[in-house]
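**Student:** What follows is a single structure, and I will ask about it in a moment.
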Number of protein chains: 2
Amino acid sequence: MIDQNIKIAVDAIVFGYEKGTLYVLAVQQRFGKLADRWVLPGGFILDDEPLITAVERELKEEAGITVNYLEQLGTFGDDVKRDERFRVISVAYFALVNPKNFVLKADTDAKDAKWFPVAQVPALGYDHNEMVKLAHQRLKSKLTYQPIGFDLLDHEFLFSDLENLYCSILERDIDRRNFRKKILSFGIVKETDKVVKIGASGRPGKLFVFDKPKYHQLLKENFQFDIRFA
Amino acid sequence: MIDQNIKIAVDAIVFGYEKGTLYVLAVQQRFGKLADRWVLPGGFILDDEPLITAVERELKEEAGITVNYLEQLGTFGDDVKRDERFRVISVAYFALVNPKNFVLKADTDAKDAKWFPVAQVPALGYDHNEMVKLAHQRLKSKLTYQPIGFDLLDHEFLFSDLENLYCSILERDIDRRNFRKKILSFGIVKETDKVVKIGASGRPGKLFVFDKPKYHQLLKENFQFDIRFA
DNA sequence: CTTAATTTGTGTAAAAACAACACAAAATTA
DNA sequence: TAATTTTGTGTTGTTTTTACACAAATTAAG
C-alpha cells in the first residue's frame, strides 16, 4: 500500500554574531558522497525522536553547541537528488547562539565545524545555500517584531552593542537617541549598575540586561515588540 | 545504516470566507483506522512528487478544489501514533480559497467534504485541531502585513466586503473612513465603474478590484502593506 | 600635563500617522 | 411619502516618528 522511499533529515541554520559581523555555522562532512564539502549541521532523525530533539542532538554531536533560540524554519522536500538511494526531505531549523559561549568542536560525523560570515558563505552541499538565504531573511524580519537580538549577545551588554547588532544585521543606519528611547520605552531592558569600558578608548558605558520574564508578562497584556525606524 | 520507518504526508488547512464567517475545509475519511472521522484534507506524498504538488493533488482528489493562495505552514513531526505501522510526519499547508468558486465534491479517498465555521470545528483526527489553530493565527497576523484578504473574496468586491472580512477575521471594530482611506492610500485597490446593490436594501456601492501587478511592482520599490488600526 | 580622539549619554521641535467622530446620498420597504 | 438600510466622504486633536548637536568620561599621543 504506502510504499514511500523517502528519508527525513533535519538541518540547522545557526547564526552567531560578533563585533558587527553575522556568522553562520557550517560543518565539513567526513563521510558520504559529499565528503569534505561544507554543509549545514544536520542529519537523519531517529524513528522515535521528536524533530527538535534531533536538531539539538546533531548540533551537539557535530559542533558541540547548545543554542539560545530555536524555531522551525521550513521543510525542503524537493531535493530528490540528495542521495542516490532515496529522496531526502529536510526540516530546517533556525537557531541563534552566542559564539563566545562555545568552542566549536567537530565530533562524530563532522570533520570540522566553522563560522562563516553570512556574506561569505561558500557553496554548500545540497540546497543549503537556499536555506541560509531564507533563514537570513527570517532573522532580519523577526528582529523587527520579536526581541531575539538578545539571544545573539552576552547576557550583559552595552547599549551600543545592541544598536550595532541592529545596524549590521538590518544593514541600515540607526539614530542612537531614537533607538535607545524606543527600546527603553518598552521596559524590557534593564540598566545594571555596572559600568565598563570595553573598547580601547572612549567613555565607559553602562551594562544592560534583557528582562525576559518582564517581556513574557507584557506579552500577556497584549504588548507588541516593534522596532521599525529610519 | 539509515533505517527509518517514517512516512511523509501533507495536510492542508483551507480557509474560505462567506458573509462574515470564516470556514475551514474538512473531509470525512472513508478508509482506515479513522473511517468516518473528520480530518483535514491531505495524504501521503509520492516518491517523486514535490510537496506542494502533493497538496494540490490531494485537494483536487478529496474535495475538488483549486486554491488561490498556498504556503507552507509548518511540519508536525511528533505525531508518532498516527498510524500503528509507522510514524507519520506531516507538512501542513495554509490555503485560501473563495468557496463560491467551487462545489465541494468528495472524490477518491474522502467520503464527504464540508466547510466548518472556524469557531465550530469538531474534534478532528490526528493533531489536526492543533494545525487549524496555528493556521488561524497565521491568517490573522498575515492579514495585517500581506494583502491576502483578496484571495478570500470575489474578484470584484464592495469596499464593505473587504471591511467586513477584516472585522470578522480580526474580531475587532474598524472605522470605515479610516480603513478606506488607508487601503486606498496604498494604491493597490482600483475602483471599477460598476455599481451594484447586493443586499436587500441600501445605497448601491461601487465594485473594486485588487491590482495585483501594481502590488508586485510596489513591492520592488520597498512598499510595505500594513493594516493595524483601532 | 595638555590636547586630540573616541565613545557614551541626553532633549526638543517639526512632520507624519493615527484616532475619533457625524451627516448626506441612494436605494428599498412599509 | 416616511422610515430604514447601506454607501460615501473631511476635519481636528493626539500620538508617534523623525531629524538633529553637544557635553561628559575616558584613552592615546605629543
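Following the order of the C-alpha cells, first chain is A, next is B, and so on, with residues numbered from 1 inside each chain and ligands from 1 in the order they appear.
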Hey, what's within 12 Å of C:DG11 if we count only C-alpha atoms (C1' of nucleotides) and toss same-chain stuff fewer than 5 positions away? As a PyMOL selection string, please?
**Tutor:** (chain A and resi 177-178+181) or (chain D and resi 20-22)
**Student:** Determine which residues of stretch 2-136 of chain A DSSP labels as alpha helix (DSSP H) from the backbone of this structure, then write them out as a PDB file with C-alpha atoms, in the first residue's frame.
**Tutor:**
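Below is the file result.pdb, written as the result:
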ATOM      1  CA  LEU A  51      12.257  16.762  15.295  1.00  0.00           C
ATOM      2  CA  ILE A  52      13.565  19.411  17.611  1.00  0.00           C
ATOM      3  CA  THR A  53      15.422  16.857  19.678  1.00  0.00           C
ATOM      4  CA  ALA A  54      17.075  15.622  16.530  1.00  0.00           C
ATOM      5  CA  VAL A  55      18.323  19.113  15.760  1.00  0.00           C
ATOM      6  CA  GLU A  56      19.668  19.609  19.240  1.00  0.00           C
ATOM      7  CA  ARG A  57      21.381  16.256  19.133  1.00  0.00           C
ATOM      8  CA  GLU A  58      23.019  16.952  15.793  1.00  0.00           C
ATOM      9  CA  LEU A  59      24.253  20.332  16.931  1.00  0.00           C
ATOM     10  CA  LYS A  60      25.773  18.776  19.979  1.00  0.00           C
ATOM     11  CA  GLU A  61      27.343  15.953  18.023  1.00  0.00           C
ATOM     12  CA  GLU A  62      28.604  17.883  15.072  1.00  0.00           C
ATOM     13  CA  ALA A  63      29.694  21.121  16.635  1.00  0.00           C
ATOM     14  CA  HIS A 128      21.727  24.514   1.935  1.00  0.00           C
ATOM     15  CA  ASN A 129      22.551  27.888   0.462  1.00  0.00           C
ATOM     16  CA  GLU A 130      18.881  28.336  -0.202  1.00  0.00           C
ATOM     17  CA  MET A 131      18.114  27.524   3.420  1.00  0.00           C
ATOM     18  CA  VAL A 132      20.681  30.025   4.609  1.00  0.00           C
ATOM     19  CA  LYS A 133      19.136  32.680   2.431  1.00  0.00           C
ATOM     20  CA  LEU A 134      15.661  32.041   3.769  1.00  0.00           C
ATOM     21  CA  ALA A 135      16.898  31.926   7.339  1.00  0.00           C
ATOM     22  CA  HIS A 136      18.735  35.183   6.859  1.00  0.00           C
TER      23      HIS A 136
END
**Student:** For a test of reading the model, state the distance in Å between atom CA of A:Asn222 and atom C1' of C:DC21, rounded to one decimal.
**Tutor:**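 Separating atom CA of A:Asn222 from atom C1' of C:DC21 is a distance of 26.1 Å.
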**Student:** Pick out the chain A residues within 10 Å of chain C. Count only C-alpha atoms (C1' of nucleotides). Give them as a list of chain:residue names.
**Tutor:**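 The answer, sorted by residue number, is A:Leu158, A:Phe159, A:Ser160, A:Arg176, A:Arg177, A:Lys197, A:Gly199, A:Ala200, A:Ser201, A:Gly202, A:Arg203, A:Pro204, A:Gly205, A:Lys206.
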**Student:** Would you please extract all strand (DSSP E) residues from stretch 49-115 of chain A, as assigned by DSSP on the backbone, and give them as a list in words?
**Tutor:**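 Result set for stretch 49-115 of chain A (strand (DSSP E)): Tyr69, Leu70, Glu71, Gln72, Leu73, Gly74, Thr75, Phe76, Arg87, Val88, Ile89, Ser90, Val91, Ala92, Tyr93, Phe94, Ala95, Leu96, Val97, Ala110, Lys111, Asp112, Ala113, Lys114 and Trp115 of chain A.
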**Student:** Up to 7 Å from chain A, what residues of chain B turn up? Count only C-alpha atoms and give them as a PDB file with N, CA, C and O atoms, in the first residue's frame.
**Tutor:**
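result.pdb, written as the output of this step:
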ATOM      1  N   GLN B   4      15.071   4.188   8.728  1.00  0.00           N
ATOM      2  CA  GLN B   4      13.921   4.935   9.220  1.00  0.00           C
ATOM      3  C   GLN B   4      12.640   4.253   8.808  1.00  0.00           C
ATOM      4  O   GLN B   4      12.512   3.816   7.669  1.00  0.00           O
ATOM      5  N   ASN B   5      11.685   4.254   9.718  1.00  0.00           N
ATOM      6  CA  ASN B   5      10.372   3.752   9.368  1.00  0.00           C
ATOM      7  C   ASN B   5       9.354   4.874   9.568  1.00  0.00           C
ATOM      8  O   ASN B   5       8.543   4.861  10.484  1.00  0.00           O
ATOM      9  N   ILE B   6       9.476   5.866   8.724  1.00  0.00           N
ATOM     10  CA  ILE B   6       8.655   7.070   8.831  1.00  0.00           C
ATOM     11  C   ILE B   6       8.077   7.367   7.460  1.00  0.00           C
ATOM     12  O   ILE B   6       8.768   7.184   6.456  1.00  0.00           O
ATOM     13  N   LYS B   7       6.835   7.825   7.424  1.00  0.00           N
ATOM     14  CA  LYS B   7       6.239   8.205   6.145  1.00  0.00           C
ATOM     15  C   LYS B   7       5.890   9.690   6.179  1.00  0.00           C
ATOM     16  O   LYS B   7       5.594  10.241   7.229  1.00  0.00           O
ATOM     17  N   LEU B  46       3.945  11.198  -2.988  1.00  0.00           N
ATOM     18  CA  LEU B  46       4.579  10.205  -3.850  1.00  0.00           C
ATOM     19  C   LEU B  46       6.084  10.446  -3.861  1.00  0.00           C
ATOM     20  O   LEU B  46       6.541  11.564  -3.622  1.00  0.00           O
ATOM     21  N   ASP B  47       6.826   9.416  -4.158  1.00  0.00           N
ATOM     22  CA  ASP B  47       8.277   9.498  -4.095  1.00  0.00           C
ATOM     23  C   ASP B  47       8.880  10.613  -4.948  1.00  0.00           C
ATOM     24  O   ASP B  47       9.880  11.219  -4.576  1.00  0.00           O
ATOM     25  N   PRO B  50       6.853  16.792  -5.728  1.00  0.00           N
ATOM     26  CA  PRO B  50       7.129  17.907  -4.829  1.00  0.00           C
ATOM     27  C   PRO B  50       6.007  18.052  -3.808  1.00  0.00           C
ATOM     28  O   PRO B  50       4.852  17.708  -4.091  1.00  0.00           O
ATOM     29  N   LEU B  51       6.349  18.555  -2.644  1.00  0.00           N
ATOM     30  CA  LEU B  51       5.369  18.661  -1.567  1.00  0.00           C
ATOM     31  C   LEU B  51       4.136  19.446  -1.981  1.00  0.00           C
ATOM     32  O   LEU B  51       3.002  19.049  -1.715  1.00  0.00           O
ATOM     33  N   GLY B  74       3.995  24.576   8.351  1.00  0.00           N
ATOM     34  CA  GLY B  74       4.949  24.001   9.280  1.00  0.00           C
ATOM     35  C   GLY B  74       4.865  22.498   9.224  1.00  0.00           C
ATOM     36  O   GLY B  74       3.962  21.949   8.597  1.00  0.00           O
ATOM     37  N   THR B  75       5.805  21.863   9.881  1.00  0.00           N
ATOM     38  CA  THR B  75       5.868  20.415   9.831  1.00  0.00           C
ATOM     39  C   THR B  75       5.614  19.861  11.209  1.00  0.00           C
ATOM     40  O   THR B  75       6.216  20.298  12.187  1.00  0.00           O
ATOM     41  N   GLY B  77       5.797  16.761  13.326  1.00  0.00           N
ATOM     42  CA  GLY B  77       6.535  15.544  13.140  1.00  0.00           C
ATOM     43  C   GLY B  77       6.466  14.592  14.284  1.00  0.00           C
ATOM     44  O   GLY B  77       7.025  13.511  14.233  1.00  0.00           O
ATOM     45  N   ASP B  78       5.796  14.981  15.343  1.00  0.00           N
ATOM     46  CA  ASP B  78       5.945  14.179  16.532  1.00  0.00           C
ATOM     47  C   ASP B  78       4.704  13.351  16.771  1.00  0.00           C
ATOM     48  O   ASP B  78       4.529  12.760  17.824  1.00  0.00           O
TER      49      ASP B  78
END
**Student:** With a distance cut-off of 10 Å and only C-alpha atoms (C1' of nucleotides), select the neighbouring residues of stretch 95-107 of chain B, excluding the residue or stretch itself and same-chain residues fewer than 5 positions from it, and output the selection as a PyMOL selection string.
**Tutor:** chain B and resi 12-18+23-25+27-30+55+58-73+112-115+135+139+148-155
**Student:** Mind giving me the straight-line distance from atom CA of B:Leu34 to atom CA of B:Ala119 in Å, one decimal?
**Tutor:**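 A separation of 22.9 Å between them.
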**Student:** Residues of chain D within 6 Å of chain A, using only C-alpha atoms (C1' of nucleotides), as a ChimeraX atom specification?
**Tutor:** /D:25-27
**Student:** List as a list in words the protein and nucleic acid residues near B:Leu184, meaning an atom at most 12 Å away when only C-alpha atoms (C1' of nucleotides) are counted, but skip any in the same chain fewer than 6 places from it.
**Tutor:**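 Residues near the query, excluding close chain neighbours: Phe159, Arg177, Asn178, Lys190, Glu191, Phe208, Val209, Phe210, Asp211, Phe225 and Ile227 of chain B.
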**Student:** Just C-alpha atoms for this one: save the residues we selected as a PDB file, in the first residue's frame.
**Tutor:**
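In the end it all went to part31.pdb:
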ATOM      1  CA  PHE B 159     -15.451  48.034  -0.031  1.00  0.00           C
ATOM      2  CA  ARG B 177     -13.470  56.017   6.936  1.00  0.00           C
ATOM      3  CA  ASN B 178     -10.003  55.340   8.269  1.00  0.00           C
ATOM      4  CA  LYS B 190      -8.796  50.083  -8.035  1.00  0.00           C
ATOM      5  CA  GLU B 191     -12.312  51.340  -8.333  1.00  0.00           C
ATOM      6  CA  PHE B 208     -13.360  47.369  -6.525  1.00  0.00           C
ATOM      7  CA  VAL B 209     -10.597  45.073  -7.669  1.00  0.00           C
ATOM      8  CA  PHE B 210      -7.204  44.238  -6.212  1.00  0.00           C
ATOM      9  CA  ASP B 211      -4.462  45.353  -8.573  1.00  0.00           C
ATOM     10  CA  PHE B 225       1.482  46.636   3.147  1.00  0.00           C
ATOM     11  CA  ILE B 227      -3.056  47.465   8.265  1.00  0.00           C
TER      12      ILE B 227
END
**Student:** Using atom CA of B:Thr192 and atom CA of B:Pro213 as the two end points, give the distance in Å to one decimal.
**Tutor:** 16.1 Å
